[in-house]
Each structure stands twice: as C-alpha cells, then as structure tokens.
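Peer 1: Contents of data-v5.pdb (PDB, C-alpha atoms, pLDDT in the B column):
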ATOM      1  CA  MET A   1      -8.210  10.752 -34.337  1.00 67.00           C
ATOM      2  CA  ARG A   2      -6.642   9.707 -31.050  1.00 72.00           C
ATOM      3  CA  ARG A   3      -5.458  13.287 -30.583  1.00 76.00           C
ATOM      4  CA  GLN A   4      -8.063  15.238 -32.515  1.00 83.00           C
ATOM      5  CA  VAL A   5     -11.043  13.948 -30.511  1.00 85.00           C
ATOM      6  CA  PRO A   6      -9.593  14.879 -27.065  1.00 83.00           C
ATOM      7  CA  LEU A   7      -8.610  18.303 -28.407  1.00 86.00           C
ATOM      8  CA  ILE A   8     -12.127  18.905 -29.754  1.00 87.00           C
ATOM      9  CA  LEU A   9     -13.740  17.750 -26.493  1.00 85.00           C
ATOM     10  CA  CYS A  10     -11.380  19.935 -24.469  1.00 86.00           C
ATOM     11  CA  PHE A  11     -12.216  22.974 -26.606  1.00 89.00           C
ATOM     12  CA  VAL A  12     -15.986  22.408 -26.559  1.00 88.00           C
ATOM     13  CA  PHE A  13     -16.283  21.719 -22.834  1.00 85.00           C
ATOM     14  CA  GLY A  14     -13.849  24.498 -21.978  1.00 87.00           C
ATOM     15  CA  VAL A  15     -15.802  27.097 -23.958  1.00 87.00           C
ATOM     16  CA  VAL A  16     -19.163  25.861 -22.655  1.00 86.00           C
ATOM     17  CA  MET A  17     -18.050  25.918 -19.018  1.00 85.00           C
ATOM     18  CA  MET A  18     -16.534  29.358 -19.514  1.00 85.00           C
ATOM     19  CA  LEU A  19     -19.774  30.715 -20.976  1.00 85.00           C
ATOM     20  CA  THR A  20     -21.860  29.284 -18.127  1.00 86.00           C
ATOM     21  CA  GLN A  21     -19.860  31.411 -15.666  1.00 84.00           C
ATOM     22  CA  PHE A  22     -20.991  34.601 -17.439  1.00 85.00           C
ATOM     23  CA  SER A  23     -24.614  33.647 -18.065  1.00 81.00           C
ATOM     24  CA  PRO A  24     -27.161  33.642 -15.212  1.00 82.00           C
ATOM     25  CA  HIS A  25     -29.798  31.990 -17.456  1.00 82.00           C
ATOM     26  CA  SER A  26     -31.366  28.806 -16.083  1.00 86.00           C
ATOM     27  CA  PHE A  27     -30.413  26.879 -19.234  1.00 87.00           C
ATOM     28  CA  SER A  28     -26.697  27.612 -18.859  1.00 84.00           C
ATOM     29  CA  GLN A  29     -26.822  26.909 -15.134  1.00 85.00           C
ATOM     30  CA  GLY A  30     -28.520  23.597 -15.895  1.00 88.00           C
ATOM     31  CA  ILE A  31     -25.653  22.700 -18.239  1.00 87.00           C
ATOM     32  CA  TYR A  32     -23.190  23.648 -15.508  1.00 87.00           C
ATOM     33  CA  GLU A  33     -24.898  21.407 -12.957  1.00 89.00           C
ATOM     34  CA  GLU A  34     -25.080  18.552 -15.480  1.00 89.00           C
ATOM     35  CA  VAL A  35     -21.372  18.727 -16.240  1.00 86.00           C
ATOM     36  CA  LEU A  36     -20.625  18.747 -12.502  1.00 86.00           C
ATOM     37  CA  SER A  37     -22.709  15.585 -12.183  1.00 89.00           C
ATOM     38  CA  TRP A  38     -20.637  13.999 -14.955  1.00 88.00           C
ATOM     39  CA  ALA A  39     -17.485  14.997 -13.092  1.00 85.00           C
ATOM     40  CA  LEU A  40     -18.767  13.254  -9.947  1.00 88.00           C
ATOM     41  CA  ILE A  41     -19.368  10.105 -11.998  1.00 89.00           C
ATOM     42  CA  ILE A  42     -15.901  10.241 -13.551  1.00 88.00           C
ATOM     43  CA  SER A  43     -14.146  10.870 -10.211  1.00 86.00           C
ATOM     44  CA  PRO A  44     -14.298   7.221  -9.001  1.00 87.00           C
ATOM     45  CA  PHE A  45     -12.711   6.091 -12.267  1.00 90.00           C
ATOM     46  CA  MET A  46      -9.962   8.657 -11.708  1.00 87.00           C
ATOM     47  CA  LEU A  47      -9.424   7.172  -8.240  1.00 87.00           C
ATOM     48  CA  VAL A  48      -9.117   3.686  -9.741  1.00 89.00           C
ATOM     49  CA  LEU A  49      -6.688   4.988 -12.373  1.00 89.00           C
ATOM     50  CA  GLY A  50      -4.601   6.686  -9.699  1.00 89.00           C
ATOM     51  CA  THR A  51      -4.521   3.490  -7.612  1.00 89.00           C
ATOM     52  CA  VAL A  52      -3.455   1.397 -10.610  1.00 91.00           C
ATOM     53  CA  THR A  53      -0.729   3.914 -11.439  1.00 91.00           C
ATOM     54  CA  LEU A  54       0.499   3.840  -7.817  1.00 91.00           C
ATOM     55  CA  ILE A  55       0.651   0.028  -7.864  1.00 91.00           C
ATOM     56  CA  GLN A  56       2.473  -0.038 -11.208  1.00 92.00           C
ATOM     57  CA  THR A  57       5.000   2.509  -9.970  1.00 91.00           C
ATOM     58  CA  HIS A  58       5.854   0.559  -6.829  1.00 92.00           C
ATOM     59  CA  VAL A  59       5.915  -2.774  -8.651  1.00 92.00           C
ATOM     60  CA  ALA A  60       8.499  -1.258 -10.990  1.00 91.00           C
ATOM     61  CA  ARG A  61      10.506  -0.008  -7.985  1.00 91.00           C
ATOM     62  CA  ILE A  62      10.545  -3.506  -6.503  1.00 91.00           C
ATOM     63  CA  ARG A  63      11.581  -5.127  -9.786  1.00 91.00           C
ATOM     64  CA  ARG A  64      14.404  -2.646 -10.369  1.00 90.00           C
ATOM     65  CA  ARG A  65      15.524  -2.700  -6.721  1.00 89.00           C
ATOM     66  CA  THR A  66      15.718   1.082  -6.658  1.00 87.00           C
ATOM     67  CA  GLU A  67      16.734   2.949  -3.507  1.00 86.00           C
ATOM     68  CA  HIS A  68      14.448   2.208  -0.515  1.00 86.00           C
ATOM     69  CA  TRP A  69      12.419  -0.244  -2.612  1.00 90.00           C
ATOM     70  CA  GLN A  70      11.527  -2.197   0.543  1.00 90.00           C
ATOM     71  CA  TYR A  71       9.133   0.563   1.598  1.00 89.00           C
ATOM     72  CA  SER A  72       6.932  -0.267  -1.397  1.00 91.00           C
ATOM     73  CA  PHE A  73       5.800  -3.396   0.455  1.00 92.00           C
ATOM     74  CA  ILE A  74       4.520  -1.142   3.259  1.00 89.00           C
ATOM     75  CA  ILE A  75       2.452   0.757   0.661  1.00 88.00           C
ATOM     76  CA  PHE A  76       0.895  -2.484  -0.564  1.00 91.00           C
ATOM     77  CA  ALA A  77       0.256  -3.722   2.970  1.00 90.00           C
ATOM     78  CA  GLY A  78      -1.478  -0.463   3.926  1.00 87.00           C
ATOM     79  CA  ILE A  79      -3.665  -0.439   0.805  1.00 87.00           C
ATOM     80  CA  LEU A  80      -4.634  -4.091   1.229  1.00 89.00           C
ATOM     81  CA  LEU A  81      -5.390  -3.741   4.945  1.00 88.00           C
ATOM     82  CA  MET A  82      -7.621  -0.676   4.541  1.00 87.00           C
ATOM     83  CA  VAL A  83      -9.474  -2.213   1.580  1.00 86.00           C
ATOM     84  CA  VAL A  84     -10.049  -5.554   3.328  1.00 87.00           C
ATOM     85  CA  ILE A  85     -11.455  -3.809   6.413  1.00 87.00           C
ATOM     86  CA  GLY A  86     -13.162  -0.838   4.783  1.00 84.00           C
ATOM     87  CA  ILE A  87     -15.130  -2.474   1.955  1.00 84.00           C
ATOM     88  CA  PRO A  88     -16.873  -5.269   3.915  1.00 86.00           C
ATOM     89  CA  PHE A  89     -17.419  -3.410   7.195  1.00 84.00           C
ATOM     90  CA  GLY A  90     -17.548   0.252   6.152  1.00 81.00           C
ATOM     91  CA  PRO A  91     -15.569   3.286   7.296  1.00 81.00           C
ATOM     92  CA  GLN A  92     -17.322   3.365  10.688  1.00 85.00           C
ATOM     93  CA  HIS A  93     -15.962  -0.010  11.779  1.00 86.00           C
ATOM     94  CA  PRO A  94     -13.924   0.314  15.021  1.00 89.00           C
ATOM     95  CA  ILE A  95     -10.800  -1.253  13.473  1.00 88.00           C
ATOM     96  CA  PHE A  96     -10.984   1.070  10.452  1.00 87.00           C
ATOM     97  CA  VAL A  97     -11.457   4.109  12.693  1.00 89.00           C
ATOM     98  CA  TRP A  98      -8.603   2.985  14.950  1.00 91.00           C
ATOM     99  CA  LEU A  99      -6.244   2.579  11.991  1.00 88.00           C
ATOM    100  CA  PHE A 100      -7.196   6.000  10.675  1.00 88.00           C
ATOM    101  CA  ASN A 101      -6.837   7.785  14.023  1.00 91.00           C
ATOM    102  CA  ASN A 102      -3.661   5.988  15.116  1.00 91.00           C
ATOM    103  CA  VAL A 103      -1.834   5.552  11.805  1.00 88.00           C
ATOM    104  CA  GLN A 104      -3.091   8.037   9.220  1.00 86.00           C
ATOM    105  CA  VAL A 105      -3.483  11.045  11.529  1.00 91.00           C
ATOM    106  CA  PRO A 106      -0.031  10.695  13.183  1.00 91.00           C
ATOM    107  CA  MET A 107       1.586  10.248   9.759  1.00 89.00           C
ATOM    108  CA  ASP A 108      -0.114  13.425   8.514  1.00 88.00           C
ATOM    109  CA  ALA A 109       1.077  15.277  11.606  1.00 89.00           C
ATOM    110  CA  THR A 110       4.611  13.975  11.026  1.00 90.00           C
ATOM    111  CA  MET A 111       4.613  15.144   7.409  1.00 88.00           C
ATOM    112  CA  PHE A 112       3.465  18.624   8.397  1.00 86.00           C
ATOM    113  CA  SER A 113       6.074  18.715  11.175  1.00 86.00           C
ATOM    114  CA  LEU A 114       8.815  17.875   8.667  1.00 87.00           C
ATOM    115  CA  LEU A 115       7.431  20.574   6.388  1.00 85.00           C
ATOM    116  CA  ALA A 116       7.811  23.099   9.210  1.00 80.00           C
ATOM    117  CA  PHE A 117      11.506  22.193   9.576  1.00 84.00           C
ATOM    118  CA  PHE A 118      12.029  22.462   5.811  1.00 85.00           C
ATOM    119  CA  ILE A 119      10.436  25.911   5.867  1.00 81.00           C
ATOM    120  CA  ALA A 120      12.652  26.929   8.779  1.00 78.00           C
ATOM    121  CA  SER A 121      15.738  25.696   6.904  1.00 81.00           C
ATOM    122  CA  ALA A 122      14.731  27.580   3.747  1.00 80.00           C
ATOM    123  CA  ALA A 123      14.004  30.697   5.811  1.00 76.00           C
ATOM    124  CA  TYR A 124      17.450  30.511   7.411  1.00 76.00           C
ATOM    125  CA  ARG A 125      19.099  30.410   3.984  1.00 77.00           C
ATOM    126  CA  ALA A 126      16.919  33.226   2.679  1.00 72.00           C
ATOM    127  CA  PHE A 127      17.311  35.496   5.723  1.00 70.00           C
ATOM    128  CA  ARG A 128      21.112  35.566   5.792  1.00 71.00           C
ATOM    129  CA  ALA A 129      21.793  39.285   5.803  1.00 64.00           C
ATOM    130  CA  ARG A 130      24.324  39.475   2.984  1.00 76.00           C
ATOM    131  CA  THR A 131      22.507  42.165   1.019  1.00 79.00           C
ATOM    132  CA  PHE A 132      20.201  45.061   1.824  1.00 81.00           C
ATOM    133  CA  GLU A 133      17.175  43.169   0.505  1.00 78.00           C
ATOM    134  CA  ALA A 134      17.983  40.110   2.636  1.00 78.00           C
ATOM    135  CA  SER A 135      18.476  42.319   5.696  1.00 82.00           C
ATOM    136  CA  LEU A 136      15.128  44.025   5.104  1.00 83.00           C
ATOM    137  CA  LEU A 137      13.474  40.630   4.725  1.00 81.00           C
ATOM    138  CA  LEU A 138      15.083  39.426   7.952  1.00 81.00           C
ATOM    139  CA  VAL A 139      13.961  42.456   9.988  1.00 84.00           C
ATOM    140  CA  THR A 140      10.412  42.271   8.617  1.00 85.00           C
ATOM    141  CA  ALA A 141      10.169  38.549   9.308  1.00 83.00           C
ATOM    142  CA  LEU A 142      11.367  39.006  12.887  1.00 82.00           C
ATOM    143  CA  ILE A 143       8.771  41.729  13.516  1.00 82.00           C
ATOM    144  CA  VAL A 144       5.947  39.596  12.104  1.00 84.00           C
ATOM    145  CA  MET A 145       7.034  36.455  13.972  1.00 81.00           C
ATOM    146  CA  LEU A 146       7.442  38.266  17.292  1.00 79.00           C
ATOM    147  CA  GLY A 147       4.118  40.028  16.751  1.00 79.00           C
ATOM    148  CA  ASN A 148       2.348  36.670  16.630  1.00 79.00           C
ATOM    149  CA  VAL A 149       3.465  35.579  20.112  1.00 76.00           C
ATOM    150  CA  PRO A 150       2.626  37.249  23.466  1.00 74.00           C
ATOM    151  CA  ILE A 151       6.291  37.552  24.455  1.00 75.00           C
ATOM    152  CA  GLY A 152       6.838  39.842  21.479  1.00 70.00           C
ATOM    153  CA  ASP A 153       4.500  42.529  22.825  1.00 67.00           C
ATOM    154  CA  LEU A 154       6.008  42.097  26.291  1.00 71.00           C
ATOM    155  CA  PHE A 155       9.514  42.676  24.923  1.00 69.00           C
ATOM    156  CA  TRP A 156       8.385  45.614  22.790  1.00 67.00           C
ATOM    157  CA  ASN A 157       6.518  47.357  25.621  1.00 66.00           C
ATOM    158  CA  THR A 158       9.352  46.765  28.109  1.00 67.00           C
ATOM    159  CA  VAL A 159      12.379  47.664  26.007  1.00 63.00           C
ATOM    160  CA  LEU A 160      10.904  50.307  23.706  1.00 58.00           C
ATOM    161  CA  SER A 161       8.482  51.886  26.153  1.00 57.00           C
ATOM    162  CA  GLY A 162       8.267  55.651  25.712  1.00 54.00           C
ATOM    163  CA  LEU A 163      10.098  55.813  22.376  1.00 51.00           C
ATOM    164  CA  PRO A 164       8.522  57.880  19.555  1.00 47.00           C
ATOM    165  CA  TRP A 165       7.815  54.789  17.411  1.00 48.00           C
ATOM    166  CA  ASP A 166       6.308  52.773  20.256  1.00 50.00           C
ATOM    167  CA  ASN A 167       2.924  51.800  18.813  1.00 54.00           C
ATOM    168  CA  GLY A 168       3.019  48.212  19.993  1.00 64.00           C
ATOM    169  CA  LEU A 169       4.471  45.231  18.157  1.00 73.00           C
ATOM    170  CA  SER A 170       1.048  43.868  17.218  1.00 74.00           C
ATOM    171  CA  ASP A 171       0.102  47.159  15.510  1.00 77.00           C
ATOM    172  CA  THR A 172       3.406  47.230  13.625  1.00 80.00           C
ATOM    173  CA  LYS A 173       2.985  43.610  12.560  1.00 83.00           C
ATOM    174  CA  GLN A 174      -0.572  44.257  11.400  1.00 85.00           C
ATOM    175  CA  TRP A 175       0.528  47.319   9.410  1.00 87.00           C
ATOM    176  CA  ILE A 176       3.120  45.199   7.597  1.00 89.00           C
ATOM    177  CA  LEU A 177       0.510  42.539   6.811  1.00 89.00           C
ATOM    178  CA  ASP A 178      -2.143  45.040   5.701  1.00 90.00           C
ATOM    179  CA  ASN A 179       0.052  47.239   3.501  1.00 90.00           C
ATOM    180  CA  PRO A 180       3.313  45.982   1.914  1.00 90.00           C
ATOM    181  CA  ASN A 181       2.477  42.297   2.368  1.00 90.00           C
ATOM    182  CA  LEU A 182      -1.079  42.602   1.032  1.00 92.00           C
ATOM    183  CA  SER A 183       0.105  44.693  -1.923  1.00 93.00           C
ATOM    184  CA  ALA A 184       2.739  42.077  -2.811  1.00 91.00           C
ATOM    185  CA  ARG A 185       0.187  39.260  -2.461  1.00 92.00           C
ATOM    186  CA  ARG A 186      -2.238  41.008  -4.780  1.00 94.00           C
ATOM    187  CA  GLY A 187       0.529  41.493  -7.339  1.00 94.00           C
ATOM    188  CA  ILE A 188       1.463  37.816  -7.147  1.00 95.00           C
ATOM    189  CA  ILE A 189      -2.187  36.704  -7.396  1.00 95.00           C
ATOM    190  CA  LEU A 190      -2.692  38.983 -10.403  1.00 95.00           C
ATOM    191  CA  GLY A 191       0.373  37.520 -12.103  1.00 95.00           C
ATOM    192  CA  VAL A 192      -0.714  33.957 -11.351  1.00 95.00           C
ATOM    193  CA  SER A 193      -4.216  34.717 -12.677  1.00 94.00           C
ATOM    194  CA  LEU A 194      -2.836  36.109 -15.925  1.00 94.00           C
ATOM    195  CA  GLY A 195      -0.594  33.052 -16.254  1.00 93.00           C
ATOM    196  CA  ALA A 196      -3.570  30.733 -15.641  1.00 91.00           C
ATOM    197  CA  ILE A 197      -5.633  32.570 -18.275  1.00 91.00           C
ATOM    198  CA  SER A 198      -2.773  32.335 -20.751  1.00 92.00           C
ATOM    199  CA  GLN A 199      -2.293  28.620 -20.075  1.00 90.00           C
ATOM    200  CA  SER A 200      -6.040  27.980 -20.366  1.00 89.00           C
ATOM    201  CA  ILE A 201      -6.143  29.683 -23.753  1.00 90.00           C
ATOM    202  CA  ARG A 202      -3.198  27.570 -24.914  1.00 90.00           C
ATOM    203  CA  ILE A 203      -4.986  24.392 -23.806  1.00 88.00           C
ATOM    204  CA  LEU A 204      -8.304  25.384 -25.411  1.00 87.00           C
ATOM    205  CA  LEU A 205      -6.615  26.211 -28.720  1.00 87.00           C
ATOM    206  CA  GLY A 206      -4.622  22.972 -28.707  1.00 84.00           C
ATOM    207  CA  ILE A 207      -1.240  24.689 -28.438  1.00 85.00           C
ATOM    208  CA  GLU A 208      -0.473  23.049 -25.097  1.00 81.00           C
ATOM    209  CA  ARG A 209      -0.906  19.254 -25.455  1.00 80.00           C
ATOM    210  CA  SER A 210       1.156  17.886 -22.611  1.00 78.00           C
ATOM    211  CA  TYR A 211      -1.983  16.453 -20.986  1.00 72.00           C
ATOM    212  CA  LEU A 212      -2.254  14.073 -23.948  1.00 75.00           C
ATOM    213  CA  GLY A 213       1.001  12.420 -22.989  1.00 68.00           C
ATOM    214  CA  GLY A 214       3.272  14.270 -25.400  1.00 55.00           C
ATOM    215  CA  GLY A 215       4.078  17.600 -26.903  1.00 48.00           C
ATOM    216  CA  ASP A 216       3.035  16.813 -30.463  1.00 50.00           C
TER     217      ASP A 216
END
Would you give me this structure, written as structure tokens?

Peer 2:
Amino acid sequence: MRRQVPLILCFVFGVVMMLTQFSPHSFSQGIYEEVLSWALIISPFMLVLGTVTLIQTHVARIRRRTEHWQYSFIIFAGILLMVVIGIPFGPQHPIFVWLFNNVQVPMDATMFSLLAFFIASAAYRAFRARTFEASLLLVTALIVMLGNVPIGDLFWNTVLSGLPWDNGLSDTKQWILDNPNLSARRGIILGVSLGAISQSIRILLGIERSYLGGGD
C-alpha cells in the first residue's frame, strides 16, 4: 500500500488536472482553483522538508570530513542568522534588509558572473573551427554577438560600405534570429514538449516510479 496509494493519487490528480485544462465549465475551474489552494498549503511543508534535507546533507558532510566540509558551517550560520532576525522582526527589519542587499544580492551576482565565464569557456570549445559545422557556428555566433553591440554596426558600415551584401549588421543579425534560429528553437521546443508528454504518460500510468524513491 505504501506504493499503490501514491500511484493512485498521482493518476487521479493528474487526470483531473489535465481535464480541467480542456473544460471551461465553472465546476472544473473550481476544482482547478481548489487544487491550487491545496498546493499553496503544501508548499510551506515542502520548504520545511527541503530545509531539513539541506541540514542533514551538510551534517553528513561534516561528520565524514568530505572535501571543503568547513563551508557547511557557513551554511548553518547563514540559516541561523536569517531565521533569528527574520522571524521575530520580519523581512522589513533594517538588519534583515541590509543582509539581503549586501550579502545575498552580491552572491547572486557572483554566481551569475561565474556562469558567464563558464558559458564563454564552453563556447570557446564549441566554436573551434575544426569542421564545417563548427566553422558555420563560429561565423554565425560572431555576427550575432557583433550585431548586439554598437561597435558592430560601426565596423560593418565602415569596412563593408558599398558592398552588394551591405544591409547592416543589425539586419543580418535579426534575420539569423528570426529565421534559422527561430526554426531550430521551435524544433527543440516541439521535441521537448513531446518528451514531456511521454514522461507524463509514464508517470500517470505508474511506469515511471523514480519519484517514489526507487524504480520498483
């Protein structure tokens, strides 16, 4: 019963929510709104579960002395500090706001900055012109990147002025985005949508059970 009940609930709620998307009747829309209200009630419990899981994970790292285990103490200190200040005084307290603006926001900016360097590194490896496809990707990427900065149009209009294909770098960049790029994006989105539908059917029918903690 520990597996049958979750599978039955998953099937019932999945089918009901799917049917509400195709029925404009007030009764089905009422069911949809009610289930959303249940989801809002369950969300805080999910937050508590996620916090407990985070604590258990870092406690295990400290006990096992895994690599960089000392940073787990910083996690605990940050959680404790924000809870001690946020719960009694609220999120509008000056200390809470200061911590958010001067700790959380710079850390977010740092993470996104690192992500930009990772993307640049991956792009460098992908754009090495060893094949025709890589060369085509490199040329297209250069046109799009230069078309997004003012100096690109300046270079294009100065160097290529008067040539038969001189339509402006911005126009060329926009044509690439509106035609081959958009067509490829639609193909990818269509493939992802079909994969999501297939996975949803597997979950509803109980074929995919990984969310239960196992594959049985």

Peer 1: How many Å lie between CA of Val192 in chain A and CA of Ser210 in chain A, rounded to one decimal?

Peer 2: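 So the answer is 19.7 Å.
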
Peer 1: Can you work out the spacing between CA of Thr20 in chain A and CA of Met46 in chain A in Å, to one decimal?

Peer 2: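 Going from CA of Thr20 in chain A over to CA of Met46 in chain A, I get 24.7 Å.
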
Peer 1: Taking the file as I've supplied it (selection: the PyMOL selection byres ((chain A and resi 16) around 12)), which residues are included? Please answer as a PyMOL selection string.

Peer 2: chain A and resi 9-15+17-23+27-32+34-35+204

Peer 1: Here's the selection I'm unsure about, the PyMOL selection byres ((chain A and resi 124-127) around 9); applied to the file above, which residues does it give, as a list of chain:residue names?

Peer 2: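 Applied to this file, the PyMOL selection byres ((chain A and resi 124-127) around 9) selects A:Ile119, A:Ala120, A:Ser121, A:Ala122, A:Ala123, A:Arg128, A:Ala129, A:Arg130, A:Ala134, A:Ser135, A:Leu136, A:Leu137, A:Leu138, A:Val139, A:Ala141.
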
Peer 1: Give the answer as one residue: which of A:Leu36, A:Val105, A:His58, A:Ile87 has the shortest atom-to-atom distance to Phe73 in chain A, using all atoms listed in the file?

Peer 2: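 Counting all atoms listed in the file, the residue closest to Phe73 in chain A is A:His58.
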
Peer 1: What is the CA of Gly187 in chain A-CA of Phe117 in chain A distance in Å, reported with one decimal?

Peer 2: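 Distance reported for this atom pair: 27.9 Å.
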
Peer 1: Point out the residue among A:Leu205, A:Leu7, A:Val59, A:Val84 with the least atom-to-atom distance to Ser72 in chain A, counting all atoms listed in the file.

Peer 2: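 Looking only at the distances to Ser72 in chain A, the closest residue turns out to be A:Val59.
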
Peer 1: Quick one: of A:Leu154, A:Gly191, A:Met145, A:Gly206, who's nearest to Leu177 in chain A, counting only C-alpha atoms?

Peer 2: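 Between A:Leu154, A:Gly191, A:Met145, A:Gly206, the residue approaching Leu177 in chain A most closely is A:Met145.
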